[in-house]
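Have a look at model_2.pdb below; it lists PDB, C-alpha atoms.
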MODEL        1
ATOM      1  CA  MET A   1     -29.130 -50.449   5.223
ATOM      2  CA  ALA A   2     -29.781 -53.949   3.962
ATOM      3  CA  GLN A   3     -28.987 -54.578   0.327
ATOM      4  CA  PRO A   4     -31.908 -54.662  -2.133
ATOM      5  CA  ALA A   5     -33.119 -57.933  -3.521
ATOM      6  CA  GLU A   6     -32.473 -56.692  -7.034
ATOM      7  CA  GLY A   7     -29.904 -54.229  -8.287
ATOM      8  CA  PRO A   8     -28.958 -52.803 -11.696
ATOM      9  CA  HIS A   9     -28.222 -55.373 -14.388
ATOM     10  CA  ARG A  10     -26.281 -54.771 -17.574
ATOM     11  CA  ASP A  11     -28.962 -56.296 -19.790
ATOM     12  CA  ARG A  12     -31.636 -53.853 -18.618
ATOM     13  CA  PRO A  13     -31.933 -50.053 -18.794
ATOM     14  CA  ARG A  14     -30.256 -48.648 -15.718
ATOM     15  CA  ARG A  15     -33.220 -46.504 -14.762
ATOM     16  CA  GLU A  16     -35.496 -49.575 -14.646
ATOM     17  CA  ALA A  17     -33.033 -51.646 -12.632
ATOM     18  CA  ILE A  18     -32.591 -48.808 -10.137
ATOM     19  CA  ARG A  19     -36.352 -48.274  -9.976
ATOM     20  CA  ASP A  20     -36.907 -51.968  -9.221
ATOM     21  CA  ALA A  21     -34.213 -52.013  -6.531
ATOM     22  CA  LEU A  22     -35.674 -48.924  -4.841
ATOM     23  CA  ARG A  23     -39.200 -50.271  -5.159
ATOM     24  CA  THR A  24     -38.125 -53.476  -3.434
ATOM     25  CA  ARG A  25     -36.614 -51.479  -0.590
ATOM     26  CA  ILE A  26     -39.863 -49.560  -0.155
ATOM     27  CA  PHE A  27     -41.959 -52.733  -0.205
ATOM     28  CA  GLU A  28     -39.730 -54.524   2.265
ATOM     29  CA  GLY A  29     -39.614 -51.679   4.755
ATOM     30  CA  TYR A  30     -36.044 -50.515   4.275
ATOM     31  CA  TYR A  31     -37.447 -47.110   3.298
ATOM     32  CA  PRO A  32     -40.477 -46.364   5.518
ATOM     33  CA  PRO A  33     -42.882 -43.511   4.652
ATOM     34  CA  GLY A  34     -41.208 -40.132   5.026
ATOM     35  CA  THR A  35     -37.716 -41.371   4.092
ATOM     36  CA  ARG A  36     -35.910 -38.882   1.884
ATOM     37  CA  LEU A  37     -34.201 -40.286  -1.242
ATOM     38  CA  VAL A  38     -31.270 -38.164  -2.411
ATOM     39  CA  GLU A  39     -30.206 -38.372  -6.067
ATOM     40  CA  ARG A  40     -26.561 -37.710  -5.323
ATOM     41  CA  ASP A  41     -26.312 -40.424  -2.675
ATOM     42  CA  LEU A  42     -28.153 -43.000  -4.755
ATOM     43  CA  ALA A  43     -26.021 -42.260  -7.816
ATOM     44  CA  ALA A  44     -22.898 -42.896  -5.754
ATOM     45  CA  GLU A  45     -24.336 -46.105  -4.307
ATOM     46  CA  PHE A  46     -25.338 -47.526  -7.696
ATOM     47  CA  ASP A  47     -22.207 -46.132  -9.380
ATOM     48  CA  VAL A  48     -24.137 -44.302 -12.092
ATOM     49  CA  SER A  49     -24.726 -40.709 -13.109
ATOM     50  CA  ARG A  50     -27.606 -38.836 -11.535
ATOM     51  CA  LEU A  51     -29.731 -39.020 -14.706
ATOM     52  CA  PRO A  52     -30.880 -42.676 -14.436
ATOM     53  CA  VAL A  53     -31.497 -42.147 -10.715
ATOM     54  CA  ARG A  54     -33.628 -39.084 -11.475
ATOM     55  CA  GLU A  55     -35.598 -41.075 -14.058
ATOM     56  CA  ALA A  56     -36.056 -43.973 -11.629
ATOM     57  CA  LEU A  57     -37.367 -41.597  -8.951
ATOM     58  CA  ARG A  58     -39.748 -40.055 -11.483
ATOM     59  CA  MET A  59     -41.155 -43.487 -12.385
ATOM     60  CA  LEU A  60     -41.667 -44.328  -8.725
ATOM     61  CA  ALA A  61     -43.445 -41.011  -8.229
ATOM     62  CA  GLN A  62     -45.772 -41.904 -11.116
ATOM     63  CA  GLU A  63     -46.584 -45.153  -9.296
ATOM     64  CA  GLY A  64     -47.462 -43.147  -6.198
ATOM     65  CA  LEU A  65     -44.603 -44.564  -4.130
ATOM     66  CA  LEU A  66     -42.749 -41.253  -3.879
ATOM     67  CA  ALA A  67     -43.894 -37.685  -3.286
ATOM     68  CA  GLU A  68     -42.129 -34.445  -4.180
ATOM     69  CA  ARG A  69     -41.388 -32.199  -1.214
ATOM     70  CA  GLY A  70     -39.810 -29.131  -2.796
ATOM     71  CA  GLN A  71     -36.319 -28.552  -1.441
ATOM     72  CA  ARG A  72     -36.421 -31.901   0.357
ATOM     73  CA  GLY A  73     -36.638 -33.711  -2.984
ATOM     74  CA  SER A  74     -38.325 -37.122  -3.136
ATOM     75  CA  VAL A  75     -39.688 -38.812  -0.036
ATOM     76  CA  VAL A  76     -41.379 -42.180   0.349
ATOM     77  CA  ALA A  77     -45.134 -41.675   0.343
ATOM     78  CA  GLY A  78     -47.670 -43.226   2.680
ATOM     79  CA  LEU A  79     -51.365 -43.777   2.027
ATOM     80  CA  SER A  80     -54.185 -42.009   3.803
ATOM     81  CA  ASP A  81     -57.276 -43.962   4.869
ATOM     82  CA  GLN A  82     -59.208 -42.454   1.950
ATOM     83  CA  GLU A  83     -56.457 -43.356  -0.523
ATOM     84  CA  VAL A  84     -56.492 -46.942   0.720
ATOM     85  CA  GLU A  85     -60.262 -47.093   0.291
ATOM     86  CA  ASP A  86     -60.033 -45.591  -3.211
ATOM     87  CA  LEU A  87     -57.253 -47.952  -4.228
ATOM     88  CA  PHE A  88     -59.192 -51.017  -3.100
ATOM     89  CA  ALA A  89     -62.216 -49.808  -5.080
ATOM     90  CA  VAL A  90     -60.157 -49.517  -8.265
ATOM     91  CA  ARG A  91     -58.404 -52.810  -7.596
ATOM     92  CA  LEU A  92     -61.753 -54.528  -7.133
ATOM     93  CA  SER A  93     -62.949 -53.368 -10.544
ATOM     94  CA  LEU A  94     -59.791 -54.145 -12.486
ATOM     95  CA  GLU A  95     -58.567 -57.351 -10.868
ATOM     96  CA  VAL A  96     -61.976 -59.015 -10.930
ATOM     97  CA  LEU A  97     -62.025 -58.362 -14.674
ATOM     98  CA  ALA A  98     -58.478 -59.739 -14.986
ATOM     99  CA  CYS A  99     -59.500 -62.974 -13.254
ATOM    100  CA  ARG A 100     -62.601 -63.294 -15.397
ATOM    101  CA  LEU A 101     -60.527 -62.970 -18.581
ATOM    102  CA  ALA A 102     -57.790 -65.260 -17.249
ATOM    103  CA  ALA A 103     -60.366 -68.013 -16.690
ATOM    104  CA  GLU A 104     -61.362 -67.712 -20.334
ATOM    105  CA  ARG A 105     -57.851 -67.523 -21.775
ATOM    106  CA  ALA A 106     -55.395 -69.366 -19.533
ATOM    107  CA  SER A 107     -53.453 -72.164 -21.198
ATOM    108  CA  ASP A 108     -52.148 -75.231 -19.396
ATOM    109  CA  GLU A 109     -48.732 -73.569 -19.430
ATOM    110  CA  ASP A 110     -50.173 -70.421 -17.877
ATOM    111  CA  LEU A 111     -51.824 -72.414 -15.098
ATOM    112  CA  ALA A 112     -48.612 -74.310 -14.441
ATOM    113  CA  GLY A 113     -46.777 -70.996 -14.139
ATOM    114  CA  LEU A 114     -49.293 -69.693 -11.593
ATOM    115  CA  LYS A 115     -49.003 -72.903  -9.579
ATOM    116  CA  ALA A 116     -45.209 -72.636  -9.653
ATOM    117  CA  LEU A 117     -45.388 -69.136  -8.164
ATOM    118  CA  LEU A 118     -47.597 -70.347  -5.322
ATOM    119  CA  ASP A 119     -45.355 -73.350  -4.716
ATOM    120  CA  HIS A 120     -42.412 -70.968  -4.560
ATOM    121  CA  ALA A 121     -44.275 -68.795  -2.057
ATOM    122  CA  ALA A 122     -45.037 -71.847   0.086
ATOM    123  CA  ASP A 123     -41.411 -72.971  -0.022
ATOM    124  CA  ALA A 124     -40.189 -69.493   0.893
ATOM    125  CA  LEU A 125     -42.641 -69.348   3.770
ATOM    126  CA  ALA A 126     -41.471 -72.725   5.045
ATOM    127  CA  ARG A 127     -37.892 -71.422   5.029
ATOM    128  CA  GLY A 128     -38.938 -68.300   6.913
ATOM    129  CA  SER A 129     -38.233 -65.998   3.961
ATOM    130  CA  VAL A 130     -41.224 -63.700   4.352
ATOM    131  CA  ASN A 131     -40.078 -61.119   1.799
ATOM    132  CA  GLU A 132     -39.518 -63.801  -0.820
ATOM    133  CA  ALA A 133     -43.007 -65.172  -0.162
ATOM    134  CA  HIS A 134     -44.462 -61.690  -0.556
ATOM    135  CA  ARG A 135     -42.663 -61.238  -3.867
ATOM    136  CA  ALA A 136     -44.018 -64.535  -5.200
ATOM    137  CA  ASN A 137     -47.578 -63.669  -4.113
ATOM    138  CA  SER A 138     -47.322 -60.258  -5.788
ATOM    139  CA  ALA A 139     -45.977 -61.891  -8.955
ATOM    140  CA  PHE A 140     -49.010 -64.213  -8.901
ATOM    141  CA  HIS A 141     -51.346 -61.228  -9.293
ATOM    142  CA  ASP A 142     -49.167 -59.686 -11.994
ATOM    143  CA  GLU A 143     -49.167 -62.943 -13.922
ATOM    144  CA  ILE A 144     -52.976 -63.127 -13.844
ATOM    145  CA  THR A 145     -53.059 -59.684 -15.448
ATOM    146  CA  ARG A 146     -50.692 -60.872 -18.172
ATOM    147  CA  ILE A 147     -52.768 -64.000 -18.814
ATOM    148  CA  ALA A 148     -55.916 -61.872 -19.126
ATOM    149  CA  GLY A 149     -54.439 -60.671 -22.410
ATOM    150  CA  ASN A 150     -56.056 -57.233 -22.429
ATOM    151  CA  GLN A 151     -53.565 -54.473 -23.155
ATOM    152  CA  PHE A 152     -55.927 -51.719 -22.018
ATOM    153  CA  LEU A 153     -56.379 -53.494 -18.693
ATOM    154  CA  ARG A 154     -52.618 -53.866 -18.262
ATOM    155  CA  THR A 155     -52.129 -50.184 -19.078
ATOM    156  CA  ALA A 156     -54.740 -49.198 -16.500
ATOM    157  CA  LEU A 157     -53.209 -51.419 -13.806
ATOM    158  CA  GLU A 158     -49.556 -50.607 -14.418
ATOM    159  CA  PRO A 159     -49.386 -47.228 -12.611
ATOM    160  CA  LEU A 160     -51.309 -48.722  -9.663
ATOM    161  CA  GLN A 161     -49.287 -51.892  -9.188
ATOM    162  CA  GLY A 162     -46.642 -50.257  -7.038
ATOM    163  CA  ARG A 163     -49.186 -49.183  -4.443
ATOM    164  CA  MET A 164     -51.088 -52.452  -4.727
ATOM    165  CA  HIS A 165     -47.970 -54.467  -3.959
ATOM    166  CA  TRP A 166     -47.294 -52.149  -1.045
ATOM    167  CA  LEU A 167     -50.751 -52.997   0.299
ATOM    168  CA  PHE A 168     -50.032 -56.721  -0.083
ATOM    169  CA  ARG A 169     -47.100 -56.293   2.291
ATOM    170  CA  HIS A 170     -49.496 -55.427   5.121
ATOM    171  CA  VAL A 171     -51.100 -58.879   5.070
ATOM    172  CA  LEU A 172     -49.844 -60.624   8.190
ATOM    173  CA  ASP A 173     -51.353 -64.111   7.805
ATOM    174  CA  LEU A 174     -49.360 -65.369   4.835
ATOM    175  CA  PRO A 175     -50.480 -69.018   5.085
ATOM    176  CA  GLU A 176     -54.084 -67.816   4.835
ATOM    177  CA  LEU A 177     -53.198 -65.541   1.903
ATOM    178  CA  LEU A 178     -51.500 -68.432   0.143
ATOM    179  CA  GLN A 179     -54.607 -70.596   0.535
ATOM    180  CA  GLU A 180     -56.720 -67.733  -0.828
ATOM    181  CA  HIS A 181     -54.464 -67.622  -3.869
ATOM    182  CA  ARG A 182     -54.719 -71.385  -4.337
ATOM    183  CA  ASP A 183     -58.520 -71.062  -4.255
ATOM    184  CA  LEU A 184     -58.290 -68.278  -6.833
ATOM    185  CA  LEU A 185     -56.073 -70.427  -9.049
ATOM    186  CA  ALA A 186     -58.594 -73.275  -8.831
ATOM    187  CA  ALA A 187     -61.349 -70.902  -9.904
ATOM    188  CA  ILE A 188     -59.325 -69.679 -12.883
ATOM    189  CA  ALA A 189     -58.350 -73.241 -13.820
ATOM    190  CA  SER A 190     -62.022 -74.236 -13.855
ATOM    191  CA  GLY A 191     -62.486 -72.160 -16.989
ATOM    192  CA  ASP A 192     -65.609 -70.603 -15.482
ATOM    193  CA  PRO A 193     -65.252 -66.802 -15.706
ATOM    194  CA  GLU A 194     -68.110 -66.167 -13.283
ATOM    195  CA  ARG A 195     -66.574 -68.424 -10.639
ATOM    196  CA  ALA A 196     -63.182 -66.749 -11.087
ATOM    197  CA  ALA A 197     -64.707 -63.277 -10.849
ATOM    198  CA  ALA A 198     -66.659 -64.179  -7.707
ATOM    199  CA  GLN A 199     -63.595 -65.715  -6.046
ATOM    200  CA  SER A 200     -61.511 -62.634  -6.881
ATOM    201  CA  GLU A 201     -64.181 -60.333  -5.472
ATOM    202  CA  ARG A 202     -64.313 -62.314  -2.224
ATOM    203  CA  HIS A 203     -60.535 -62.329  -1.963
ATOM    204  CA  ILE A 204     -60.139 -58.578  -2.449
ATOM    205  CA  GLY A 205     -63.151 -57.735  -0.294
ATOM    206  CA  LYS A 206     -61.786 -59.788   2.583
ATOM    207  CA  TYR A 207     -58.502 -57.886   2.733
ATOM    208  CA  ARG A 208     -60.235 -54.594   2.134
ATOM    209  CA  THR A 209     -62.104 -55.008   5.445
ATOM    210  CA  GLN A 210     -59.031 -56.348   7.260
ATOM    211  CA  TYR A 211     -56.585 -53.720   6.051
ATOM    212  CA  PRO A 212     -57.010 -51.081   8.809
ATOM    213  CA  ASP A 213     -56.165 -53.736  11.410
ATOM    214  CA  THR A 214     -52.965 -54.746   9.615
ATOM    215  CA  VAL A 215     -51.256 -51.349   9.313
TER     216      VAL A 215
ENDMDL
END
Using the file provided, produce a representation of the structure as structure tokens.
Amino acid sequence: MAQPAEGPHRDRPRREAIRDALRTRIFEGYYPPGTRLVERDLAAEFDVSRLPVREALRMLAQEGLLAERGQRGSVVAGLSDQEVEDLFAVRLSLEVLACRLAAERASDEDLAGLKALLDHAADALARGSVNEAHRANSAFHDEITRIAGNQFLRTALEPLQGRMHWLFRHVLDLPELLQEHRDLLAAIASGDPERAAAQSERHIGKYRTQYPDTV
């Protein structure tokens, strides 16, 4: 088993650090769908009691990344074709709104931060670090939601982000995805909410139609 990109840190609640480490493993394919996660084993690995592990598994289940299987405990969940379709429909509604609001509210500092994430993704891609590029591209979407500045929107998106990031991992043409994100950044930077919304809708719609071919 490869080590996770992020492990528990002393300055963060243990359950959140463990959740993030396990989430990274799921995203990066270390735990494929159907993998059983055992509290006892994870507690030993992270050198913690079983309580923060149990809480981390519960949070991942709320994100839809884990499923309860009775005596088998928690297993990594997959997505059915219908679930993928439903998730894209929700993402289309919420992320288009996020981009619209971001175009209205983004500061120069916000735009610089988005550009830095895309530059980081490009650098990672050039070095052959695909997982690092994926993480930067996912962070780009999360940052747009933050810039949108709507707490209700963030609350609605939060339980879906785990599955959304999992979907991002199925995009195979990362250079093309990076260019799509640069186009989206340009639309947000224009300050035109309609342009940003239209660009976001095109971006999501494109990968919605491509998704079945990338699984």
Please write as number ranges by chain the list of polymer residues whose atoms come within 9 Å of (-42.5, -49.6, 2.6), counting all atoms listed in the file and keeping to the coordinates of the file. A: 23-33, 65, 76-78, 166, 169
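Interatomic distance, CA of Leu97 in chain A to CA of Asp20 in chain A: 26.5 Å.
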Might you spell out which residues the PyMOL selection byres ((chain A and resi 130-139) around 8) would select in the displayed file, as a list in words? Glu28, Leu117, Leu118, His120, Ala121, Ala122, Asp123, Ala124, Leu125, Gly128, Ser129, Phe140, His141, Asp142, Glu143, His165, Phe168, Arg169, Leu178 and His181 of chain A
Choose the residue, out of A:Ala21, A:Leu157, A:Ala106, A:Ala98, that has the smallest atom-to-atom separation from Ser190 in chain A; count only C-alpha atoms. A:Ala106
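Residues within 8 Å of range 197-208 of chain A, counting only C-alpha atoms and excluding same-chain residues fewer than 5 positions away, are Glu85, Phe88, Arg91, Leu92, Glu95, Val96, Leu97, Cys99, Arg100, Val171, Glu180, Asp183, Leu184 and Ala187 of chain A.
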Taking C-alpha atoms for each residue, export the selection above as a PDB file, keeping the file's coordinate frame.
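See part_11.pdb below for the written result:
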ATOM      1  CA  GLU A  85     -60.262 -47.093   0.291  1.00  0.00           C
ATOM      2  CA  PHE A  88     -59.192 -51.017  -3.100  1.00  0.00           C
ATOM      3  CA  ARG A  91     -58.404 -52.810  -7.596  1.00  0.00           C
ATOM      4  CA  LEU A  92     -61.753 -54.528  -7.133  1.00  0.00           C
ATOM      5  CA  GLU A  95     -58.567 -57.351 -10.868  1.00  0.00           C
ATOM      6  CA  VAL A  96     -61.976 -59.015 -10.930  1.00  0.00           C
ATOM      7  CA  LEU A  97     -62.025 -58.362 -14.674  1.00  0.00           C
ATOM      8  CA  CYS A  99     -59.500 -62.974 -13.254  1.00  0.00           C
ATOM      9  CA  ARG A 100     -62.601 -63.294 -15.397  1.00  0.00           C
ATOM     10  CA  VAL A 171     -51.100 -58.879   5.070  1.00  0.00           C
ATOM     11  CA  GLU A 180     -56.720 -67.733  -0.828  1.00  0.00           C
ATOM     12  CA  ASP A 183     -58.520 -71.062  -4.255  1.00  0.00           C
ATOM     13  CA  LEU A 184     -58.290 -68.278  -6.833  1.00  0.00           C
ATOM     14  CA  ALA A 187     -61.349 -70.902  -9.904  1.00  0.00           C
TER      15      ALA A 187
END
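Residues matched by the PyMOL selection byres ((chain A and resi 105) around 8) in this structure: Leu101, Ala102, Ala103, Glu104, Ala106, Ser107, Ile147, Ala148 and Gly149 of chain A.
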Identify all residues satisfying the PyMOL selection byres ((chain A and resi 38) around 12) in the given file; provide them as an MDAnalysis selection string. chainID A and resid 22 35:37 39:45 50 53:54 56:57 66 68:69 71:76
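Proximity of A:Leu160, A:Gly191, A:Asp173, A:Ser49 to Ala89 in chain A, computed with all atoms listed in the file, is greatest for A:Leu160.
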Tell me, in Å to one decimal, how far CA of Phe152 in chain A is from CA of Ser93 in chain A. 13.6 Å
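When CA of Gly64 in chain A is paired with CA of Ile144 in chain A, their separation reads 22.1 Å.
Minimum atom-to-atom distances from A:Thr209, A:Leu174, A:Glu158, A:Leu167 to Arg146 in chain A were compared using all atoms listed in the file, and the lowest value belongs to A:Glu158.
Across A:Glu83, A:Pro175, A:Asp110, A:Arg58, the tightest approach to Thr145 in chain A is made by A:Asp110 when counting all atoms listed in the file.
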